[in-house]
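To be precise, the following lines are coords-v7.pdb, and they hold PDB, C-alpha atoms, pLDDT in the B column.
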ATOM      1  CA  MET A   1     -96.912-134.556   2.209  1.00 72.00           C
ATOM      2  CA  SER A   2     -94.447-135.227   5.034  1.00 92.00           C
ATOM      3  CA  SER A   3     -91.585-137.598   4.292  1.00 98.00           C
ATOM      4  CA  LEU A   4     -88.919-139.370   6.323  1.00 98.00           C
ATOM      5  CA  LEU A   5     -85.320-140.087   5.306  1.00 98.00           C
ATOM      6  CA  VAL A   6     -83.262-142.564   7.321  1.00 99.00           C
ATOM      7  CA  ILE A   7     -79.526-142.695   6.614  1.00 99.00           C
ATOM      8  CA  SER A   8     -78.041-145.970   7.834  1.00 98.00           C
ATOM      9  CA  ALA A   9     -74.361-146.917   7.730  1.00 98.00           C
ATOM     10  CA  HIS A  10     -75.081-150.628   7.315  1.00 97.00           C
ATOM     11  CA  ALA A  11     -78.000-152.641   6.024  1.00 96.00           C
ATOM     12  CA  GLY A  12     -79.312-153.619   9.460  1.00 94.00           C
ATOM     13  CA  ASP A  13     -78.824-150.465  11.501  1.00 97.00           C
ATOM     14  CA  PHE A  14     -82.131-148.842  10.578  1.00 98.00           C
ATOM     15  CA  VAL A  15     -84.078-151.877  11.740  1.00 98.00           C
ATOM     16  CA  TRP A  16     -82.826-151.973  15.327  1.00 98.00           C
ATOM     17  CA  ARG A  17     -82.693-148.243  15.844  1.00 98.00           C
ATOM     18  CA  ALA A  18     -85.499-146.607  13.854  1.00 98.00           C
ATOM     19  CA  ALA A  19     -87.978-149.198  12.590  1.00 98.00           C
ATOM     20  CA  GLY A  20     -90.683-147.871  14.895  1.00 98.00           C
ATOM     21  CA  ALA A  21     -90.364-144.332  13.554  1.00 98.00           C
ATOM     22  CA  ILE A  22     -90.420-145.668  10.003  1.00 98.00           C
ATOM     23  CA  ALA A  23     -93.526-147.769  10.609  1.00 98.00           C
ATOM     24  CA  LEU A  24     -95.308-144.843  12.266  1.00 98.00           C
ATOM     25  CA  ALA A  25     -94.599-142.654   9.247  1.00 98.00           C
ATOM     26  CA  THR A  26     -95.834-145.174   6.698  1.00 98.00           C
ATOM     27  CA  SER A  27     -98.903-145.999   8.811  1.00 98.00           C
ATOM     28  CA  ARG A  28     -99.875-142.330   8.388  1.00 97.00           C
ATOM     29  CA  GLY A  29     -99.465-142.488   4.637  1.00 97.00           C
ATOM     30  CA  GLN A  30     -96.129-140.672   4.635  1.00 97.00           C
ATOM     31  CA  ARG A  31     -93.234-141.527   2.374  1.00 98.00           C
ATOM     32  CA  ALA A  32     -90.317-143.171   4.180  1.00 98.00           C
ATOM     33  CA  LYS A  33     -87.008-143.947   2.523  1.00 98.00           C
ATOM     34  CA  VAL A  34     -84.064-145.833   3.985  1.00 98.00           C
ATOM     35  CA  LEU A  35     -80.646-145.112   2.506  1.00 98.00           C
ATOM     36  CA  CYS A  36     -78.079-147.799   3.375  1.00 98.00           C
ATOM     37  CA  LEU A  37     -74.561-146.589   2.682  1.00 98.00           C
ATOM     38  CA  SER A  38     -73.193-150.138   2.841  1.00 98.00           C
ATOM     39  CA  TYR A  39     -74.401-153.691   3.250  1.00 97.00           C
ATOM     40  CA  GLY A  40     -72.353-154.292   6.392  1.00 94.00           C
ATOM     41  CA  GLU A  41     -70.753-157.110   4.459  1.00 94.00           C
ATOM     42  CA  ARG A  42     -67.330-157.086   6.105  1.00 94.00           C
ATOM     43  CA  GLY A  43     -67.950-156.161   9.706  1.00 90.00           C
ATOM     44  CA  GLU A  44     -71.479-157.315  10.463  1.00 86.00           C
ATOM     45  CA  SER A  45     -71.785-160.613   8.610  1.00 87.00           C
ATOM     46  CA  ALA A  46     -69.568-162.932  10.660  1.00 85.00           C
ATOM     47  CA  LYS A  47     -71.847-165.953  10.347  1.00 86.00           C
ATOM     48  CA  ALA A  48     -71.825-165.807   6.549  1.00 89.00           C
ATOM     49  CA  TRP A  49     -68.033-165.477   6.425  1.00 92.00           C
ATOM     50  CA  ARG A  50     -67.661-168.504   8.712  1.00 92.00           C
ATOM     51  CA  GLU A  51     -69.921-170.447   6.372  1.00 91.00           C
ATOM     52  CA  GLY A  52     -67.514-169.742   3.536  1.00 94.00           C
ATOM     53  CA  LYS A  53     -69.726-167.333   1.601  1.00 94.00           C
ATOM     54  CA  SER A  54     -68.100-165.054  -0.952  1.00 96.00           C
ATOM     55  CA  LEU A  55     -68.208-161.278  -0.701  1.00 95.00           C
ATOM     56  CA  ASP A  56     -70.818-161.017  -3.446  1.00 96.00           C
ATOM     57  CA  GLU A  57     -72.946-163.724  -1.831  1.00 96.00           C
ATOM     58  CA  ILE A  58     -72.838-161.903   1.498  1.00 95.00           C
ATOM     59  CA  LYS A  59     -73.883-158.637  -0.136  1.00 96.00           C
ATOM     60  CA  ASP A  60     -76.808-160.440  -1.773  1.00 97.00           C
ATOM     61  CA  ILE A  61     -77.867-161.912   1.585  1.00 96.00           C
ATOM     62  CA  ARG A  62     -77.703-158.560   3.365  1.00 96.00           C
ATOM     63  CA  ARG A  63     -79.510-156.810   0.555  1.00 97.00           C
ATOM     64  CA  ALA A  64     -82.333-159.361   0.595  1.00 97.00           C
ATOM     65  CA  GLU A  65     -82.695-159.199   4.376  1.00 97.00           C
ATOM     66  CA  ALA A  66     -82.752-155.409   4.515  1.00 98.00           C
ATOM     67  CA  THR A  67     -85.165-155.207   1.581  1.00 98.00           C
ATOM     68  CA  ALA A  68     -87.535-157.593   3.352  1.00 98.00           C
ATOM     69  CA  ALA A  69     -87.254-155.563   6.568  1.00 98.00           C
ATOM     70  CA  ALA A  70     -88.039-152.320   4.745  1.00 98.00           C
ATOM     71  CA  GLY A  71     -90.989-154.045   3.112  1.00 98.00           C
ATOM     72  CA  ALA A  72     -92.319-155.087   6.521  1.00 98.00           C
ATOM     73  CA  LEU A  73     -92.238-151.399   7.487  1.00 98.00           C
ATOM     74  CA  GLY A  74     -93.758-150.123   4.246  1.00 98.00           C
ATOM     75  CA  ALA A  75     -90.603-148.187   3.369  1.00 98.00           C
ATOM     76  CA  GLU A  76     -88.520-147.678   0.250  1.00 98.00           C
ATOM     77  CA  ILE A  77     -84.871-148.695   0.438  1.00 98.00           C
ATOM     78  CA  GLU A  78     -81.755-147.847  -1.556  1.00 98.00           C
ATOM     79  CA  PHE A  79     -78.215-149.199  -1.233  1.00 98.00           C
ATOM     80  CA  LEU A  80     -75.132-147.202  -2.179  1.00 98.00           C
ATOM     81  CA  ASP A  81     -72.727-150.154  -1.717  1.00 98.00           C
ATOM     82  CA  ALA A  82     -69.975-147.829  -0.446  1.00 98.00           C
ATOM     83  CA  GLY A  83     -68.197-150.529   1.561  1.00 97.00           C
ATOM     84  CA  ASP A  84     -67.807-150.941   5.313  1.00 97.00           C
ATOM     85  CA  TYR A  85     -65.056-151.496   7.875  1.00 97.00           C
ATOM     86  CA  PRO A  86     -64.115-148.884   6.971  1.00 97.00           C
ATOM     87  CA  LEU A  87     -66.894-146.781   5.495  1.00 98.00           C
ATOM     88  CA  LEU A  88     -64.754-144.127   3.831  1.00 98.00           C
ATOM     89  CA  GLU A  89     -65.974-140.555   3.571  1.00 98.00           C
ATOM     90  CA  SER A  90     -65.584-138.969   0.156  1.00 98.00           C
ATOM     91  CA  PRO A  91     -66.997-136.041  -1.837  1.00 98.00           C
ATOM     92  CA  GLU A  92     -68.445-138.522  -4.326  1.00 98.00           C
ATOM     93  CA  LEU A  93     -70.396-140.378  -1.643  1.00 98.00           C
ATOM     94  CA  VAL A  94     -71.642-137.132  -0.099  1.00 98.00           C
ATOM     95  CA  ASP A  95     -72.830-136.039  -3.538  1.00 98.00           C
ATOM     96  CA  ARG A  96     -74.821-139.259  -3.913  1.00 98.00           C
ATOM     97  CA  ILE A  97     -76.487-138.574  -0.573  1.00 98.00           C
ATOM     98  CA  VAL A  98     -77.277-134.988  -1.635  1.00 98.00           C
ATOM     99  CA  ARG A  99     -79.168-136.363  -4.616  1.00 98.00           C
ATOM    100  CA  VAL A 100     -81.268-138.569  -2.356  1.00 98.00           C
ATOM    101  CA  TYR A 101     -82.096-135.562  -0.163  1.00 98.00           C
ATOM    102  CA  ARG A 102     -83.186-133.589  -3.206  1.00 98.00           C
ATOM    103  CA  ASP A 103     -85.370-136.484  -4.384  1.00 98.00           C
ATOM    104  CA  VAL A 104     -87.054-137.257  -1.067  1.00 98.00           C
ATOM    105  CA  GLU A 105     -87.283-133.675   0.243  1.00 98.00           C
ATOM    106  CA  PRO A 106     -87.532-135.051   3.777  1.00 98.00           C
ATOM    107  CA  SER A 107     -89.537-133.414   6.521  1.00 98.00           C
ATOM    108  CA  VAL A 108     -87.447-135.339   9.075  1.00 98.00           C
ATOM    109  CA  VAL A 109     -84.026-137.008   8.897  1.00 98.00           C
ATOM    110  CA  LEU A 110     -82.855-139.857  11.136  1.00 98.00           C
ATOM    111  CA  THR A 111     -79.241-140.997  11.335  1.00 98.00           C
ATOM    112  CA  HIS A 112     -76.464-142.139  13.662  1.00 98.00           C
ATOM    113  CA  PRO A 113     -75.058-140.075  16.537  1.00 98.00           C
ATOM    114  CA  GLN A 114     -71.752-138.329  15.973  1.00 97.00           C
ATOM    115  CA  ALA A 115     -69.797-140.492  18.426  1.00 97.00           C
ATOM    116  CA  ASP A 116     -69.369-144.273  18.583  1.00 97.00           C
ATOM    117  CA  PRO A 117     -66.045-145.656  19.817  1.00 97.00           C
ATOM    118  CA  TYR A 118     -67.144-149.186  18.910  1.00 96.00           C
ATOM    119  CA  ASN A 119     -67.838-148.578  15.228  1.00 97.00           C
ATOM    120  CA  GLN A 120     -66.345-145.673  13.310  1.00 97.00           C
ATOM    121  CA  ASP A 121     -68.624-146.365  10.332  1.00 98.00           C
ATOM    122  CA  HIS A 122     -71.520-144.941  12.329  1.00 98.00           C
ATOM    123  CA  PRO A 123     -70.108-141.440  12.985  1.00 98.00           C
ATOM    124  CA  ALA A 124     -68.751-141.415   9.419  1.00 98.00           C
ATOM    125  CA  ALA A 125     -72.285-141.957   8.144  1.00 98.00           C
ATOM    126  CA  SER A 126     -73.556-139.226  10.472  1.00 98.00           C
ATOM    127  CA  ARG A 127     -70.976-136.710   9.288  1.00 98.00           C
ATOM    128  CA  MET A 128     -71.788-137.384   5.643  1.00 98.00           C
ATOM    129  CA  ALA A 129     -75.532-137.211   6.296  1.00 98.00           C
ATOM    130  CA  LEU A 130     -75.144-133.790   7.902  1.00 98.00           C
ATOM    131  CA  GLN A 131     -72.771-132.470   5.252  1.00 98.00           C
ATOM    132  CA  ALA A 132     -75.110-133.619   2.485  1.00 98.00           C
ATOM    133  CA  ARG A 133     -78.060-131.932   4.209  1.00 98.00           C
ATOM    134  CA  VAL A 134     -76.240-128.585   4.134  1.00 98.00           C
ATOM    135  CA  LEU A 135     -75.192-128.988   0.511  1.00 98.00           C
ATOM    136  CA  ALA A 136     -78.715-129.987  -0.514  1.00 98.00           C
ATOM    137  CA  GLN A 137     -79.907-126.632   0.884  1.00 98.00           C
ATOM    138  CA  ALA A 138     -77.523-124.643  -1.341  1.00 98.00           C
ATOM    139  CA  ILE A 139     -79.323-123.173  -4.347  1.00 97.00           C
ATOM    140  CA  GLY A 140     -76.132-123.270  -6.394  1.00 97.00           C
ATOM    141  CA  TYR A 141     -75.238-126.901  -5.670  1.00 98.00           C
ATOM    142  CA  ASP A 142     -75.208-128.879  -8.902  1.00 97.00           C
ATOM    143  CA  ALA A 143     -77.765-131.615  -8.297  1.00 97.00           C
ATOM    144  CA  PRO A 144     -81.251-132.265  -9.646  1.00 97.00           C
ATOM    145  CA  GLY A 145     -84.255-130.982  -7.740  1.00 96.00           C
ATOM    146  CA  GLU A 146     -85.047-127.948  -5.660  1.00 96.00           C
ATOM    147  CA  PRO A 147     -82.916-126.691  -2.761  1.00 97.00           C
ATOM    148  CA  LEU A 148     -83.782-128.408   0.493  1.00 96.00           C
ATOM    149  CA  GLY A 149     -85.432-126.632   3.396  1.00 95.00           C
ATOM    150  CA  ALA A 150     -84.138-127.246   6.918  1.00 96.00           C
ATOM    151  CA  PRO A 151     -85.514-130.634   8.052  1.00 97.00           C
ATOM    152  CA  PRO A 152     -84.877-131.479  11.703  1.00 98.00           C
ATOM    153  CA  VAL A 153     -82.297-134.194  12.330  1.00 98.00           C
ATOM    154  CA  PHE A 154     -82.702-136.818  15.028  1.00 98.00           C
ATOM    155  CA  PHE A 155     -79.950-139.216  16.087  1.00 98.00           C
ATOM    156  CA  PHE A 156     -81.256-142.705  16.792  1.00 98.00           C
ATOM    157  CA  GLU A 157     -80.050-144.745  19.741  1.00 98.00           C
ATOM    158  CA  PRO A 158     -76.704-146.538  19.391  1.00 97.00           C
ATOM    159  CA  HIS A 159     -76.119-150.017  20.725  1.00 95.00           C
ATOM    160  CA  GLN A 160     -74.102-148.787  23.715  1.00 95.00           C
ATOM    161  CA  PRO A 161     -75.512-145.306  24.418  1.00 96.00           C
ATOM    162  CA  GLU A 162     -73.473-144.616  27.542  1.00 96.00           C
ATOM    163  CA  GLN A 163     -70.261-144.791  25.514  1.00 96.00           C
ATOM    164  CA  CYS A 164     -71.584-142.658  22.656  1.00 97.00           C
ATOM    165  CA  ASP A 165     -72.548-139.449  24.472  1.00 95.00           C
ATOM    166  CA  PHE A 166     -76.172-140.349  23.777  1.00 98.00           C
ATOM    167  CA  LYS A 167     -78.589-138.601  26.128  1.00 97.00           C
ATOM    168  CA  PRO A 168     -82.105-138.925  24.716  1.00 97.00           C
ATOM    169  CA  ASP A 169     -84.301-135.853  24.681  1.00 95.00           C
ATOM    170  CA  VAL A 170     -87.090-137.355  22.564  1.00 97.00           C
ATOM    171  CA  LEU A 171     -89.050-140.491  23.411  1.00 97.00           C
ATOM    172  CA  LEU A 172     -91.239-141.725  20.568  1.00 97.00           C
ATOM    173  CA  ASP A 173     -94.258-143.917  21.349  1.00 96.00           C
ATOM    174  CA  ILE A 174     -94.079-146.839  18.891  1.00 98.00           C
ATOM    175  CA  SER A 175     -96.659-149.029  20.653  1.00 96.00           C
ATOM    176  CA  PRO A 176     -99.132-149.063  17.724  1.00 96.00           C
ATOM    177  CA  VAL A 177     -96.474-150.320  15.296  1.00 98.00           C
ATOM    178  CA  PHE A 178     -94.199-152.397  17.476  1.00 98.00           C
ATOM    179  CA  GLU A 179     -95.307-155.648  15.855  1.00 98.00           C
ATOM    180  CA  ALA A 180     -94.151-154.241  12.507  1.00 98.00           C
ATOM    181  CA  LYS A 181     -90.781-153.433  14.069  1.00 98.00           C
ATOM    182  CA  ARG A 182     -90.528-156.945  15.475  1.00 98.00           C
ATOM    183  CA  ALA A 183     -91.406-158.391  12.057  1.00 98.00           C
ATOM    184  CA  ALA A 184     -88.664-156.270  10.489  1.00 98.00           C
ATOM    185  CA  MET A 185     -86.157-157.459  13.079  1.00 98.00           C
ATOM    186  CA  GLU A 186     -87.039-161.055  12.302  1.00 98.00           C
ATOM    187  CA  CYS A 187     -86.032-160.431   8.683  1.00 98.00           C
ATOM    188  CA  LEU A 188     -82.430-160.435   9.970  1.00 95.00           C
ATOM    189  CA  PRO A 189     -81.963-164.046  11.124  1.00 92.00           C
ATOM    190  CA  ALA A 190     -78.159-163.840  11.324  1.00 83.00           C
ATOM    191  CA  GLN A 191     -78.558-161.377  14.187  1.00 87.00           C
ATOM    192  CA  GLN A 192     -81.260-163.222  16.085  1.00 89.00           C
ATOM    193  CA  HIS A 193     -79.539-162.378  19.380  1.00 89.00           C
ATOM    194  CA  MET A 194     -80.593-158.764  18.752  1.00 93.00           C
ATOM    195  CA  TRP A 195     -84.324-159.452  18.509  1.00 97.00           C
ATOM    196  CA  ASP A 196     -84.944-159.745  22.237  1.00 96.00           C
ATOM    197  CA  TYR A 197     -82.345-157.098  23.083  1.00 97.00           C
ATOM    198  CA  TYR A 198     -84.200-154.446  21.091  1.00 97.00           C
ATOM    199  CA  THR A 199     -87.584-155.673  22.273  1.00 98.00           C
ATOM    200  CA  ASP A 200     -86.399-155.235  25.852  1.00 97.00           C
ATOM    201  CA  LEU A 201     -84.933-151.822  25.024  1.00 98.00           C
ATOM    202  CA  ALA A 202     -88.268-150.694  23.562  1.00 98.00           C
ATOM    203  CA  THR A 203     -89.959-151.791  26.794  1.00 96.00           C
ATOM    204  CA  ARG A 204     -87.482-149.862  28.963  1.00 96.00           C
ATOM    205  CA  ARG A 205     -87.809-146.748  26.844  1.00 97.00           C
ATOM    206  CA  GLY A 206     -91.581-147.190  27.053  1.00 95.00           C
ATOM    207  CA  VAL A 207     -91.387-147.071  30.847  1.00 92.00           C
ATOM    208  CA  GLN A 208     -89.392-143.846  30.595  1.00 93.00           C
ATOM    209  CA  LEU A 209     -91.902-142.421  28.118  1.00 94.00           C
ATOM    210  CA  LYS A 210     -94.758-143.027  30.544  1.00 89.00           C
ATOM    211  CA  ARG A 211     -92.817-141.410  33.375  1.00 88.00           C
ATOM    212  CA  ASN A 212     -92.307-138.279  31.297  1.00 90.00           C
ATOM    213  CA  ALA A 213     -95.749-138.121  29.701  1.00 84.00           C
ATOM    214  CA  GLY A 214     -97.736-136.768  32.625  1.00 70.00           C
ATOM    215  CA  PRO A 215    -100.218-138.578  34.885  1.00 63.00           C
ATOM    216  CA  ASN A 216    -103.394-138.327  32.834  1.00 58.00           C
ATOM    217  CA  LEU A 217    -102.608-139.939  29.493  1.00 66.00           C
ATOM    218  CA  GLY A 218    -103.569-143.444  30.538  1.00 68.00           C
ATOM    219  CA  LEU A 219    -100.726-145.091  28.642  1.00 73.00           C
ATOM    220  CA  PRO A 220    -100.869-148.895  28.789  1.00 70.00           C
ATOM    221  CA  HIS A 221     -98.386-151.018  30.707  1.00 73.00           C
ATOM    222  CA  ALA A 222     -97.076-152.462  27.445  1.00 86.00           C
ATOM    223  CA  THR A 223     -96.033-149.080  25.979  1.00 93.00           C
ATOM    224  CA  LYS A 224     -93.020-149.373  23.650  1.00 97.00           C
ATOM    225  CA  ALA A 225     -90.752-146.490  22.656  1.00 97.00           C
ATOM    226  CA  GLU A 226     -87.646-145.486  20.728  1.00 98.00           C
ATOM    227  CA  ALA A 227     -85.198-142.858  21.989  1.00 98.00           C
ATOM    228  CA  TYR A 228     -83.723-140.031  19.925  1.00 98.00           C
ATOM    229  CA  MET A 229     -81.528-136.951  20.301  1.00 98.00           C
ATOM    230  CA  ARG A 230     -82.488-133.829  18.405  1.00 98.00           C
ATOM    231  CA  LEU A 231     -79.559-131.981  16.820  1.00 97.00           C
ATOM    232  CA  TYR A 232     -81.074-128.631  15.843  1.00 97.00           C
ATOM    233  CA  PRO A 233     -83.398-126.466  17.973  1.00 96.00           C
ATOM    234  CA  GLN A 234     -87.121-127.048  17.786  1.00 95.00           C
ATOM    235  CA  VAL A 235     -88.986-124.164  16.177  1.00 93.00           C
ATOM    236  CA  THR A 236     -92.346-123.522  17.805  1.00 94.00           C
ATOM    237  CA  GLU A 237     -94.891-120.840  18.657  1.00 96.00           C
ATOM    238  CA  GLU A 238     -95.904-122.567  21.876  1.00 93.00           C
ATOM    239  CA  LEU A 239     -93.929-124.343  24.567  1.00 88.00           C
ATOM    240  CA  ALA A 240     -95.206-127.840  25.181  1.00 78.00           C
TER
END
Turn this file's structure into structure tokens for me.
Amino acid sequence: MSSLLVISAHAGDFVWRAAGAIALATSRGQRAKVLCLSYGERGESAKAWREGKSLDEIKDIRRAEATAAAGALGAEIEFLDAGDYPLLESPELVDRIVRVYRDVEPSVVLTHPQADPYNQDHPAASRMALQARVLAQAIGYDAPGEPLGAPPVFFFEPHQPEQCDFKPDVLLDISPVFEAKRAAMECLPAQQHMWDYYTDLATRRGVQLKRNAGPNLGLPHATKAEAYMRLYPQVTEELA
């Protein structure tokens, strides 16, 4: 059965950027797993810090919110608690990601783009996700499970795409599951200002999807979409 692995630097990133893809996968009966490398406790929890919460309390809040969001999407979720701001790359953390690859055996991988001048945690997560994918393919790598195949990798849309060398070449129709994405977003009340931003973004990407879908598909006015960049070439027997 097909499976989806989403590697997210912080506990909220997967919701804004890939919740539609996750909900589509689970709606088809596919396994979807979100791997959060950190809780985003230091850099993305300003409201909780201002309220005087402790570090452990903030981690608990972020964990609960992200778990609820994953639940709204029908996905599994795992937290590696590797710390943020900065999210430090290490062989030990890459090894932990390899083990998740071997367990999930993903058909598709979603993660951050390789450039983000606003948040270095995001490209760090991307680099580790890609390194772990290669290691998980190696038959001699010492980790449980079978060697990985070659799942395609898609970069999800960053918050400021123009500054991140993000030029989408895949537009994913998430109209049937957008309400699930909205429900997942509303599991993150500390970032309520993002709810409408990402709703509007889905609408704009939906307009672009319709423009690129051909004239005869009859897509509704309210089409919603997410944008992605594909890293590796598509393998196909027919151009479409």
| task | Measuring atom to atom with all atoms listed in the file, identify which of A:Ile7, A:Ala64, A:Ala82, A:Ala75 is nearest to Arg42 of chain A. | result | A:Ala82
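Note on the selection: in this file the PyMOL selection byres ((chain A and resi 90) around 12) comes out as Ala82, Gly83, Leu87, Leu88, Glu89, Pro91, Glu92, Leu93, Val94, Asp95, Arg96, Ile97, Ala124, Ala125, Arg127, Met128, Ala129, Gln131 and Ala132 of chain A.
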| said: Please expand the PyMOL selection byres ((chain A and resi 58) around 9) into the concrete residues it hits in this file, giving the result as an NGL selection string. | reply: :A and (39 or 41-42 or 45 or 48-49 or 53-57 or 59-63)
| task | Spell out the residues picked by the PyMOL selection byres ((chain A and resi 222) around 12) here, as an MDAnalysis selection string. | result | chainID A and resid 173:176 178 199:200 202:210 218:221 223:225
| task | Tell me, in Å to one decimal, how far atom CA of Arg133 of chain A is from atom CA of Val108 of chain A. | result |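 Taking atom CA of Arg133 of chain A and atom CA of Val108 of chain A, their separation equals 11.1 Å.
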Using only C-alpha atoms, which protein or nucleic acid residues come within 12 Å of segment 181-188 of chain A? Drop anything in the same chain fewer than 5 positions from it, and give the result as an mmCIF file with C-alpha atoms, in the coordinates of the input.
data_model
loop_
_atom_site.group_PDB
_atom_site.id
_atom_site.type_symbol
_atom_site.label_atom_id
_atom_site.label_comp_id
_atom_site.auth_asym_id
_atom_site.auth_seq_id
_atom_site.Cartn_x
_atom_site.Cartn_y
_atom_site.Cartn_z
ATOM 1 C CA ALA A 11 -78.000 -152.641 6.024
ATOM 2 C CA GLY A 12 -79.312 -153.619 9.460
ATOM 3 C CA ASP A 13 -78.824 -150.465 11.501
ATOM 4 C CA PHE A 14 -82.131 -148.842 10.578
ATOM 5 C CA VAL A 15 -84.078 -151.877 11.740
ATOM 6 C CA TRP A 16 -82.826 -151.973 15.327
ATOM 7 C CA ARG A 17 -82.693 -148.243 15.844
ATOM 8 C CA ALA A 18 -85.499 -146.607 13.854
ATOM 9 C CA ALA A 19 -87.978 -149.198 12.590
ATOM 10 C CA GLY A 20 -90.683 -147.871 14.895
ATOM 11 C CA ALA A 21 -90.364 -144.332 13.554
ATOM 12 C CA ILE A 22 -90.420 -145.668 10.003
ATOM 13 C CA ALA A 23 -93.526 -147.769 10.609
ATOM 14 C CA LEU A 24 -95.308 -144.843 12.266
ATOM 15 C CA GLU A 44 -71.479 -157.315 10.463
ATOM 16 C CA SER A 45 -71.785 -160.613 8.610
ATOM 17 C CA LYS A 47 -71.847 -165.953 10.347
ATOM 18 C CA ILE A 61 -77.867 -161.912 1.585
ATOM 19 C CA ARG A 62 -77.703 -158.560 3.365
ATOM 20 C CA ARG A 63 -79.510 -156.810 0.555
ATOM 21 C CA ALA A 64 -82.333 -159.361 0.595
ATOM 22 C CA GLU A 65 -82.695 -159.199 4.376
ATOM 23 C CA ALA A 66 -82.752 -155.409 4.515
ATOM 24 C CA THR A 67 -85.165 -155.207 1.581
ATOM 25 C CA ALA A 68 -87.535 -157.593 3.352
ATOM 26 C CA ALA A 69 -87.254 -155.563 6.568
ATOM 27 C CA ALA A 70 -88.039 -152.320 4.745
ATOM 28 C CA GLY A 71 -90.989 -154.045 3.112
ATOM 29 C CA ALA A 72 -92.319 -155.087 6.521
ATOM 30 C CA LEU A 73 -92.238 -151.399 7.487
ATOM 31 C CA GLY A 74 -93.758 -150.123 4.246
ATOM 32 C CA ALA A 75 -90.603 -148.187 3.369
ATOM 33 C CA ILE A 174 -94.079 -146.839 18.891
ATOM 34 C CA SER A 175 -96.659 -149.029 20.653
ATOM 35 C CA PRO A 176 -99.132 -149.063 17.724
ATOM 36 C CA HIS A 193 -79.539 -162.378 19.380
ATOM 37 C CA MET A 194 -80.593 -158.764 18.752
ATOM 38 C CA TRP A 195 -84.324 -159.452 18.509
ATOM 39 C CA ASP A 196 -84.944 -159.745 22.237
ATOM 40 C CA TYR A 197 -82.345 -157.098 23.083
ATOM 41 C CA TYR A 198 -84.200 -154.446 21.091
ATOM 42 C CA THR A 199 -87.584 -155.673 22.273
ATOM 43 C CA ASP A 200 -86.399 -155.235 25.852
ATOM 44 C CA ALA A 202 -88.268 -150.694 23.562
ATOM 45 C CA LYS A 224 -93.020 -149.373 23.650
ATOM 46 C CA ALA A 225 -90.752 -146.490 22.656
ATOM 47 C CA GLU A 226 -87.646 -145.486 20.728
#
| remark: Arg102 of chain A proximity check over A:Pro86, A:Gly145, A:Gly140, A:Pro117, using all atoms listed in the file: winner is A:Gly145
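With all atoms listed in the file as the atoms that count, the minimum distance from His10 of chain A to the choices A:His122, A:Gln137, A:Glu78, A:Glu51 is reached by A:His122.
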| task | Kindly give the distance, in Å, that separates atom CA of Gly149 of chain A and atom CA of Ser8 of chain A, rounded to a single decimal. | result | 21.2 Å
| What gap, in Å, lies between atom CA of Asp169 of chain A and atom CA of Met229 of chain A? |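 Distance between the two atoms: 5.3 Å.
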| query | Which residue, A:Ala213, A:Asn119, A:Met1, A:Arg230, has the smallest gap to Lys167 of chain A when you use all atoms listed in the file? | reply |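 Among A:Ala213, A:Asn119, A:Met1, A:Arg230, it is A:Arg230 that comes nearest to Lys167 of chain A.
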| request: Write out as a list in words which residues come within 9 Å of Leu4 of chain A when counting all atoms listed in the file, dropping same-chain ones fewer than 6 positions away. | output: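 These residues fall inside the cut-off: Ala21, Ile22, Ala25, Gln30, Arg31, Ala32, Lys33, Val34, Val104, Glu105, Pro106, Ser107, Val108, Val109 and Leu110 of chain A.
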